[in-house]
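Have a look at structure.csv below; it lists CSV, C-alpha atoms and all ligand atoms.
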```csv
chain,number,residue,atom,x,y,z
A,1,MET,CA,-97.7,16.5,-2.1
A,2,ALA,CA,-97.0,16.7,1.7
A,3,ARG,CA,-97.2,20.5,1.9
A,4,HIS,CA,-99.1,20.4,5.2
A,5,LYS,CA,-97.6,17.2,6.7
A,6,GLY,CA,-97.6,17.3,10.5
A,7,LYS,CA,-100.0,20.3,10.7
A,8,VAL,CA,-103.5,20.3,12.3
A,9,ALA,CA,-106.1,22.2,10.4
A,10,LEU,CA,-109.6,23.4,11.6
A,11,CYS,CA,-112.0,23.9,8.8
A,12,ALA,CA,-114.9,25.8,10.3
A,13,GLY,CA,-118.2,25.8,8.4
A,14,SER,CA,-116.9,23.4,5.7
A,15,ALA,CA,-119.3,20.5,5.4
A,16,THR,CA,-120.3,21.5,1.8
A,17,GLY,CA,-119.1,23.7,-1.1
A,18,MET,CA,-115.7,25.3,-1.4
A,19,GLY,CA,-115.0,24.7,2.3
A,20,ALA,CA,-115.5,20.9,1.8
A,21,MET,CA,-113.2,20.9,-1.2
A,22,THR,CA,-110.6,22.8,0.8
A,23,ALA,CA,-110.8,20.3,3.7
A,24,ARG,CA,-110.2,17.5,1.1
A,25,ARG,CA,-107.2,19.4,-0.3
A,26,LEU,CA,-105.6,20.0,3.1
A,27,ALA,CA,-106.0,16.4,4.0
A,28,SER,CA,-104.6,15.2,0.7
A,29,GLU,CA,-101.6,17.4,1.4
A,30,GLY,CA,-100.9,15.8,4.7
A,31,ALA,CA,-102.8,17.9,7.3
A,32,LYS,CA,-104.9,16.3,10.0
A,33,VAL,CA,-108.2,18.0,9.3
A,34,VAL,CA,-111.2,18.7,11.6
A,35,VAL,CA,-114.4,19.6,9.8
A,36,ALA,CA,-116.6,21.5,12.1
A,37,ASP,CA,-120.1,22.5,10.9
A,38,ILE,CA,-123.7,23.0,12.0
A,39,ASN,CA,-124.5,20.4,9.4
A,40,GLU,CA,-123.0,17.5,11.4
A,41,ALA,CA,-124.2,14.8,9.1
A,42,GLY,CA,-122.6,16.6,6.1
A,43,ALA,CA,-119.3,17.0,8.0
A,44,GLN,CA,-119.4,13.3,8.9
A,45,ALA,CA,-120.0,12.2,5.3
A,46,LEU,CA,-117.2,14.4,4.2
A,47,ILE,CA,-114.6,13.0,6.6
A,48,GLU,CA,-115.6,9.5,5.8
A,49,SER,CA,-114.8,10.2,2.2
A,50,ILE,CA,-111.5,11.9,3.1
A,51,ARG,CA,-110.6,8.8,5.2
A,52,ALA,CA,-111.5,6.5,2.3
A,53,ASP,CA,-109.0,8.5,0.2
A,54,GLY,CA,-106.3,7.9,2.8
A,55,GLY,CA,-106.6,11.2,4.7
A,56,GLU,CA,-106.8,11.8,8.5
A,57,ALA,CA,-109.9,13.7,9.5
A,58,MET,CA,-112.5,14.1,12.2
A,59,ALA,CA,-116.0,15.7,12.1
A,60,LEU,CA,-117.5,17.8,14.8
A,61,GLY,CA,-120.9,19.4,15.1
A,62,PHE,CA,-120.5,23.1,16.0
A,63,ASP,CA,-122.4,26.4,15.8
A,64,ILE,CA,-120.1,29.3,14.9
A,65,THR,CA,-122.5,31.7,16.6
A,66,GLU,CA,-122.1,30.2,20.1
A,67,GLU,CA,-118.9,31.0,21.9
A,68,GLU,CA,-119.2,27.8,24.1
A,69,SER,CA,-119.5,25.7,21.0
A,70,VAL,CA,-116.5,27.3,19.4
A,71,ARG,CA,-114.5,26.8,22.6
A,72,GLU,CA,-115.5,23.2,22.9
A,73,THR,CA,-114.6,22.6,19.2
A,74,VAL,CA,-111.1,24.1,19.5
A,75,ALA,CA,-110.5,22.1,22.8
A,76,ARG,CA,-111.5,18.9,21.0
A,77,VAL,CA,-109.2,19.6,18.1
A,78,VAL,CA,-106.2,20.1,20.5
A,79,GLY,CA,-107.3,17.2,22.6
A,80,ALA,CA,-107.5,14.8,19.6
A,81,TYR,CA,-104.4,16.0,17.6
A,82,GLY,CA,-102.3,17.8,20.2
A,83,ALA,CA,-102.2,21.3,18.6
A,84,LEU,CA,-103.9,23.7,16.2
A,85,ASN,CA,-101.7,25.2,13.4
A,86,LEU,CA,-104.0,26.1,10.5
A,87,MET,CA,-107.6,27.4,10.3
A,88,HIS,CA,-109.9,28.1,7.4
A,89,VAL,CA,-113.1,29.9,8.5
A,90,ASN,CA,-115.7,29.7,5.8
A,91,ALA,CA,-119.2,29.6,7.3
A,92,THR,CA,-122.1,31.6,6.0
A,93,ASP,CA,-125.8,31.0,6.5
A,94,ARG,CA,-127.8,31.2,3.3
A,95,GLU,CA,-131.2,30.5,4.7
A,96,ARG,CA,-132.6,34.1,4.4
A,97,ASN,CA,-130.3,35.2,1.6
A,98,LEU,CA,-133.2,36.3,-0.6
A,99,GLU,CA,-134.5,38.6,2.1
A,100,ASP,CA,-131.2,40.5,2.3
A,101,LYS,CA,-132.3,43.6,0.4
A,102,ASP,CA,-131.5,47.3,0.8
A,103,VAL,CA,-130.7,49.3,3.9
A,104,VAL,CA,-134.3,50.6,4.2
A,105,THR,CA,-136.3,47.4,3.7
A,106,THR,CA,-134.1,44.5,5.1
A,107,ASP,CA,-135.5,42.9,8.3
A,108,LEU,CA,-133.0,43.6,11.0
A,109,ALA,CA,-133.2,39.9,12.0
A,110,VAL,CA,-131.7,39.1,8.6
A,111,PHE,CA,-128.9,41.6,9.1
A,112,ASP,CA,-128.2,40.3,12.6
A,113,ARG,CA,-128.1,36.7,11.6
A,114,MET,CA,-125.7,37.5,8.7
A,115,HIS,CA,-123.4,39.2,11.1
A,116,LYS,CA,-123.6,36.6,13.8
A,117,VAL,CA,-122.5,33.8,11.4
A,118,SER,CA,-120.4,35.6,8.8
A,119,LEU,CA,-118.6,38.1,10.9
A,120,ARG,CA,-119.0,37.6,14.7
A,121,GLY,CA,-118.7,33.8,14.3
A,122,HIS,CA,-115.4,34.3,12.4
A,123,LEU,CA,-114.2,36.6,15.3
A,124,LEU,CA,-115.1,33.9,17.8
A,125,CYS,CA,-113.1,31.3,15.9
A,126,SER,CA,-110.1,33.7,15.8
A,127,ARG,CA,-110.5,34.6,19.5
A,128,VAL,CA,-110.3,31.0,20.6
A,129,ALA,CA,-107.9,29.6,18.0
A,130,ILE,CA,-105.2,32.3,18.3
A,131,PRO,CA,-104.0,31.4,21.8
A,132,GLU,CA,-103.7,27.7,20.7
A,133,MET,CA,-101.7,28.7,17.6
A,134,LEU,CA,-99.4,30.8,19.8
A,135,LYS,CA,-98.8,27.7,22.0
A,136,ALA,CA,-97.8,25.9,18.9
A,137,GLY,CA,-95.3,28.6,17.9
A,138,GLY,CA,-97.5,30.3,15.3
A,139,GLY,CA,-100.0,29.5,12.7
A,140,ALA,CA,-102.0,30.6,9.6
A,141,ILE,CA,-105.6,31.6,9.1
A,142,VAL,CA,-107.6,32.1,6.0
A,143,TYR,CA,-111.1,33.5,6.0
A,144,THR,CA,-113.5,33.2,3.1
A,145,SER,CA,-114.5,36.7,2.3
A,146,SER,CA,-115.9,37.7,-1.1
A,147,GLY,CA,-115.6,40.1,-4.0
A,148,ALA,CA,-118.6,41.7,-2.3
A,149,SER,CA,-116.2,42.9,0.4
A,150,LYS,CA,-114.7,45.3,-2.0
A,151,GLY,CA,-117.7,46.3,-4.1
A,152,SER,CA,-121.2,47.5,-3.9
A,153,ALA,CA,-124.6,46.4,-5.0
A,154,PRO,CA,-128.2,47.8,-4.7
A,155,MET,CA,-129.2,44.6,-2.8
A,156,ARG,CA,-127.6,42.2,-0.2
A,157,VAL,CA,-126.6,45.0,2.2
A,158,SER,CA,-126.0,42.6,5.1
A,159,TYR,CA,-123.7,40.4,3.1
A,160,TYR,CA,-121.7,43.2,1.6
A,161,ILE,CA,-121.2,44.8,5.1
A,162,ALA,CA,-120.3,41.5,6.8
A,163,LYS,CA,-117.7,40.6,4.2
A,164,ALA,CA,-116.1,44.1,4.3
A,165,GLY,CA,-116.0,43.7,8.1
A,166,LEU,CA,-114.3,40.3,7.7
A,167,ASN,CA,-111.5,41.9,5.7
A,168,GLY,CA,-111.1,44.3,8.7
A,169,LEU,CA,-111.0,41.4,11.2
A,170,MET,CA,-108.3,39.7,9.0
A,171,ARG,CA,-106.2,42.8,8.9
A,172,HIS,CA,-106.5,43.2,12.7
A,173,VAL,CA,-105.3,39.6,13.3
A,174,ALA,CA,-102.4,40.0,10.8
A,175,ASP,CA,-101.3,43.3,12.4
A,176,ARG,CA,-101.7,42.2,16.0
A,177,TRP,CA,-100.1,38.8,15.8
A,178,GLY,CA,-97.8,38.9,12.8
A,179,LYS,CA,-94.7,39.4,15.0
A,180,GLU,CA,-95.7,36.3,17.0
A,181,GLY,CA,-95.8,34.1,13.9
A,182,ILE,CA,-99.5,34.2,12.9
A,183,ARG,CA,-100.4,35.1,9.4
A,184,ALA,CA,-104.0,36.0,8.4
A,185,ASN,CA,-105.4,36.5,4.9
A,186,CYS,CA,-108.8,36.4,3.1
A,187,VAL,CA,-109.8,34.8,-0.1
A,188,CYS,CA,-112.2,37.0,-2.1
A,189,PRO,CA,-114.0,34.7,-4.6
A,190,GLY,CA,-116.2,35.9,-7.5
A,191,VAL,CA,-118.8,33.5,-8.7
A,192,ILE,CA,-117.8,29.9,-7.8
A,193,LEU,CA,-120.1,27.2,-9.0
A,194,THR,CA,-120.9,25.5,-5.7
A,195,ASP,CA,-124.2,23.7,-5.2
A,196,ALA,CA,-125.6,26.8,-3.4
A,197,ILE,CA,-125.0,28.9,-6.6
A,198,LEU,CA,-126.2,26.2,-9.0
A,199,ILE,CA,-129.5,25.9,-7.1
A,200,ASN,CA,-130.1,29.7,-6.8
A,201,THR,CA,-129.3,30.8,-10.4
A,202,SER,CA,-130.5,29.9,-13.8
A,203,GLU,CA,-128.3,28.9,-16.8
A,204,ASP,CA,-129.1,32.2,-18.4
A,205,GLU,CA,-128.0,34.1,-15.3
A,206,ARG,CA,-124.8,32.2,-15.1
A,207,ALA,CA,-124.1,32.9,-18.8
A,208,ALA,CA,-124.7,36.6,-18.2
A,209,MET,CA,-122.3,36.5,-15.2
A,210,LEU,CA,-119.6,34.8,-17.3
A,211,LYS,CA,-120.0,37.3,-20.1
A,212,SER,CA,-119.1,40.1,-17.6
A,213,THR,CA,-115.7,38.5,-16.7
A,214,PRO,CA,-112.6,38.4,-19.0
A,215,SER,CA,-112.2,34.6,-18.4
A,216,THR,CA,-113.4,31.6,-20.3
A,217,ARG,CA,-115.1,29.9,-17.3
A,218,HIS,CA,-116.6,30.4,-13.9
A,219,GLY,CA,-114.6,29.7,-10.7
A,220,SER,CA,-114.6,26.2,-9.2
A,221,GLU,CA,-114.4,24.8,-5.7
A,222,GLU,CA,-110.9,23.5,-6.7
A,223,ASP,CA,-109.8,27.1,-7.5
A,224,VAL,CA,-110.7,28.1,-3.9
A,225,ALA,CA,-109.1,25.0,-2.4
A,226,SER,CA,-105.8,25.7,-4.2
A,227,LEU,CA,-105.6,29.3,-3.1
A,228,VAL,CA,-106.5,28.6,0.5
A,229,SER,CA,-104.0,25.7,0.7
A,230,PHE,CA,-101.3,27.9,-0.8
A,231,LEU,CA,-102.0,30.8,1.6
A,232,LEU,CA,-101.9,28.4,4.6
A,233,SER,CA,-98.4,27.2,3.7
A,234,ASP,CA,-95.6,29.1,5.4
A,235,GLU,CA,-93.1,27.6,3.0
A,236,GLU,CA,-94.9,29.1,-0.1
A,237,ALA,CA,-96.8,32.0,1.3
A,238,GLY,CA,-94.9,33.0,4.4
A,239,TRP,CA,-94.5,36.6,3.2
A,240,ILE,CA,-98.2,37.0,2.4
A,241,ASN,CA,-100.0,38.5,5.4
A,242,GLY,CA,-103.0,40.8,5.9
A,243,GLN,CA,-104.2,40.5,2.3
A,244,ALA,CA,-107.6,40.1,0.8
A,245,VAL,CA,-106.7,38.1,-2.3
A,246,ASN,CA,-109.0,38.3,-5.3
A,247,LEU,CA,-110.0,35.0,-7.0
A,248,ASN,CA,-112.4,36.0,-9.8
A,249,GLY,CA,-111.1,35.3,-13.3
A,250,GLY,CA,-110.5,39.0,-13.6
A,251,GLY,CA,-114.0,40.0,-12.8
A,252,LEU,CA,-112.7,42.6,-10.3
A,253,MET,CA,-109.2,43.9,-10.9
A,254,ALA,CA,-106.7,45.8,-8.7
A,255,VAL,CA,-108.7,46.5,-5.6
B,1,LIG,N1,-120.3,30.4,-4.0
B,1,LIG,C1,-119.9,31.6,-4.4
B,1,LIG,O1,-120.0,32.0,-5.5
B,1,LIG,C2,-119.2,32.5,-3.3
B,1,LIG,C3,-118.6,33.7,-3.8
B,1,LIG,C4,-118.0,34.5,-2.8
B,1,LIG,C5,-117.9,34.1,-1.5
B,1,LIG,N2,-118.5,33.0,-1.1
B,1,LIG,C6,-118.4,32.6,0.3
B,1,LIG,O2,-117.8,31.3,0.4
B,1,LIG,C7,-118.2,30.6,1.6
B,1,LIG,C8,-118.7,29.2,1.3
B,1,LIG,O3,-119.8,29.3,0.4
B,1,LIG,P1,-120.4,28.1,-0.4
B,1,LIG,O4,-120.9,28.6,-1.7
B,1,LIG,O5,-119.4,26.9,-0.5
B,1,LIG,O6,-121.7,27.8,0.5
B,1,LIG,P2,-122.1,26.6,1.5
B,1,LIG,O7,-123.5,27.0,2.0
B,1,LIG,O8,-121.9,25.3,0.9
B,1,LIG,O9,-121.1,26.7,2.7
B,1,LIG,C9,-121.3,27.3,4.0
B,1,LIG,C10,-121.1,26.4,5.1
B,1,LIG,O10,-121.3,27.1,6.4
B,1,LIG,C11,-122.0,26.2,7.2
B,1,LIG,N3,-122.8,27.0,8.3
B,1,LIG,C12,-123.8,27.8,8.1
B,1,LIG,N4,-124.2,28.2,9.3
B,1,LIG,C13,-123.3,27.8,10.3
B,1,LIG,C14,-123.2,27.9,11.7
B,1,LIG,N5,-124.1,28.6,12.4
B,1,LIG,N6,-122.2,27.3,12.3
B,1,LIG,C15,-121.3,26.5,11.6
B,1,LIG,N7,-121.4,26.3,10.3
B,1,LIG,C16,-122.4,26.9,9.6
B,1,LIG,C17,-123.0,25.5,6.3
B,1,LIG,O11,-123.5,24.3,6.9
B,1,LIG,C18,-122.1,25.2,5.1
B,1,LIG,O12,-121.4,24.0,5.3
B,1,LIG,C19,-119.2,31.5,2.3
B,1,LIG,O13,-118.5,32.3,3.3
B,1,LIG,C20,-119.6,32.4,1.1
B,1,LIG,O14,-120.1,33.7,1.6
B,1,LIG,C21,-119.2,32.1,-2.0
```

Render the structure in this file as structure tokens.
Ligand SMILES: NC(=O)c1ccc[n+]([C@@H]2O[C@H](COP(=O)([O-])OP(=O)(O)OC[C@H]3O[C@@H](n4cnc5c(N)ncnc54)[C@H](O)[C@@H]3O)[C@@H](O)[C@H]2O)c1
Amino acid sequence: MARHKGKVALCAGSATGMGAMTARRLASEGAKVVVADINEAGAQALIESIRADGGEAMALGFDITEEESVRETVARVVGAYGALNLMHVNATDRERNLEDKDVVTTDLAVFDRMHKVSLRGHLLCSRVAIPEMLKAGGGAIVYTSSGASKGSAPMRVSYYIAKAGLNGLMRHVADRWGKEGIRANCVCPGVILTDAILINTSEDERAAMLKSTPSTRHGSEEDVASLVSFLLSDEEAGWINGQAVNLNGGGLMAV
């Protein structure tokens, strides 16, 4: 399918997991894809595999927390491919995940890091990409949020707040630039069996999570790639703007 033929897509924080699967999907659907990640070796391995499958792709090392790095990345995308039309912002830093506890006990450094990568970093990408999209006549952005953005839990306060903030950023972008041809949406996955989840949970825990959803299986990276690709397509999703779309097998309904 050539859904994204002629488009240039920046996949920010996409060397592994659902971001990597989405980069593969966009390339297989005709986009020229730039995979930018702090894990430069992972991004390079991914684009070599995309190229081997016949796609057009480039890897860049970048740190989403550094404005200069984000600026340089977007400049290199436009320098190499002439424009920027589509963006999937997906980065999160899992390093201190287990220390993200409640509002009383969480180390503020854990909270700050979460916000620097998963919220402020997404804001930096938007800030730099939007002017380039406007030069190209418009564009589409999808941020990876989470079911956490709409719920609550006794732990992971930093993550829940960052993802709720991300939905707010997305709505701002949709509202501010909709009339100028830029759409922005979030995907809000439930449990997706990426390596990060497989490493951090036991089989019993995953079985318990599955029991609590009305579906027959967990989510996959392909589920996310399909939804992001659809939302980035003006032909198919041109009337979807400013939405935080659930993708959770029914685990969370009607929020
Ligand atoms: N796996 C799930 O069940 C699940 C559920 C809901 C939401 N999410 C969200 O989906 C997204 C992807 O998750 P995943 O499970 O595929 O994890 P992942 O760890 O494989 O992906 C995160 C990516 O962000 C990159 N990254 C981290 N810090 C960075 C930085 N400073 N600059 C640039 N890149 C950086 C990592 O290198 C990695 O490639 C995240 O935003 C996560 O919060 C995941």

Protein and nucleic acid residues within 6 Å of ligand LIG 1 (chain B) (all atoms listed in the file) as a ChimeraX atom specification: /A:13-19,37-39,62-65,90-93,117,144-146,189-194,196-197

Selection near Leu252 in chain A, 8 Å with all atoms listed in the file, sequence-local residues under 4 positions removed, as JSON, numbers by chain: {"A": [147, 246, 248]}

10 Å contact set for range 135-143 of chain A, only C-alpha atoms, chain neighbours under 3 positions out, as a ChimeraX atom specification: /A:7-12,82-91,118,122,126,129-132,146,163,166-167,169-170,173-174,177-188,227-229,231-234,237-238,241-244

Distance query Leu119 in chain A at most 7 Å, only C-alpha atoms, self and fewer than 4 positions along chain excluded, as a list in words: His115, Leu123, Ala162, Gly165 and Leu166 of chain A

Atomic distance CA of Tyr159 in chain A - CA of Lys116 in chain A, expressed in Å with one decimal: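 Here the two named atoms are 11.4 Å from each other.
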
Residues within 12 Å of (-109.9, 36.6, -15.9), counting only C-alpha atoms, listed as a list in words: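 Applying the cut-off with only C-alpha atoms, one gets Gly190, Val191, Leu210, Lys211, Ser212, Thr213, Pro214, Ser215, Thr216, Arg217, His218, Gly219, Asn246, Leu247, Asn248, Gly249, Gly250, Gly251, Leu252 and Met253 of chain A.
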
Distance in Å - CA of Arg3 in chain A versus CA of Glu29 in chain A: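 We find that CA of Arg3 in chain A and CA of Glu29 in chain A lie 5.4 Å from each other.
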
Nearest-residue call for Glu56 in chain A, choices A:Gly42, A:Gly30, A:Gly79, A:Gly168, using only C-alpha atoms: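 Residue with the minimum atom-to-atom distance to Glu56 in chain A: A:Gly30.
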
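Summary of the local environment: counting all atoms listed in the file, residues at most 6 Å from range 43-46 of chain A, other than itself and those fewer than 3 positions away along its chain, are Ala15, Val35, Glu40, Ser49 and Ala59 of chain A.
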
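Taking CA of Val103 in chain A as the reference point, CA of Lys150 in chain A is found at 17.5 Å.
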
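Distances to Arg113 in chain A were evaluated for A:Ser69, A:Glu235, A:Arg127, A:Ser158 using all atoms listed in the file, and the minimum falls at A:Ser158.
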
Exercise: Tyr81 in chain A partners within 10 Å, only C-alpha atoms, chain neighbours under 4 positions left out, as a PyMOL selection string: chain A and resi 6-9+32-34+58+76-77

Residues just named, written with C-alpha atoms as a PDB file, keeping the file's coordinate frame:
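Here's the written file again_3.pdb:
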```pdb
ATOM      1  CA  GLY A   6     -97.600  17.300  10.500  1.00  0.00           C
ATOM      2  CA  LYS A   7    -100.000  20.300  10.700  1.00  0.00           C
ATOM      3  CA  VAL A   8    -103.500  20.300  12.300  1.00  0.00           C
ATOM      4  CA  ALA A   9    -106.100  22.200  10.400  1.00  0.00           C
ATOM      5  CA  LYS A  32    -104.900  16.300  10.000  1.00  0.00           C
ATOM      6  CA  VAL A  33    -108.200  18.000   9.300  1.00  0.00           C
ATOM      7  CA  VAL A  34    -111.200  18.700  11.600  1.00  0.00           C
ATOM      8  CA  MET A  58    -112.500  14.100  12.200  1.00  0.00           C
ATOM      9  CA  ARG A  76    -111.500  18.900  21.000  1.00  0.00           C
ATOM     10  CA  VAL A  77    -109.200  19.600  18.100  1.00  0.00           C
TER      11      VAL A  77
END
```

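When all atoms listed in the file are used to measure the gap to Glu95 in chain A, the shortest distance among A:Ala164, A:Asn200, A:Val255, A:Val74 belongs to A:Asn200.
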
Nearest to Ser220 in chain A, chosen from A:Ala254, A:Leu134, A:Ile240, A:Leu198, with all atoms listed in the file counted in the distances: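 Checking each candidate against Ser220 in chain A, we get A:Leu198 as the closest.
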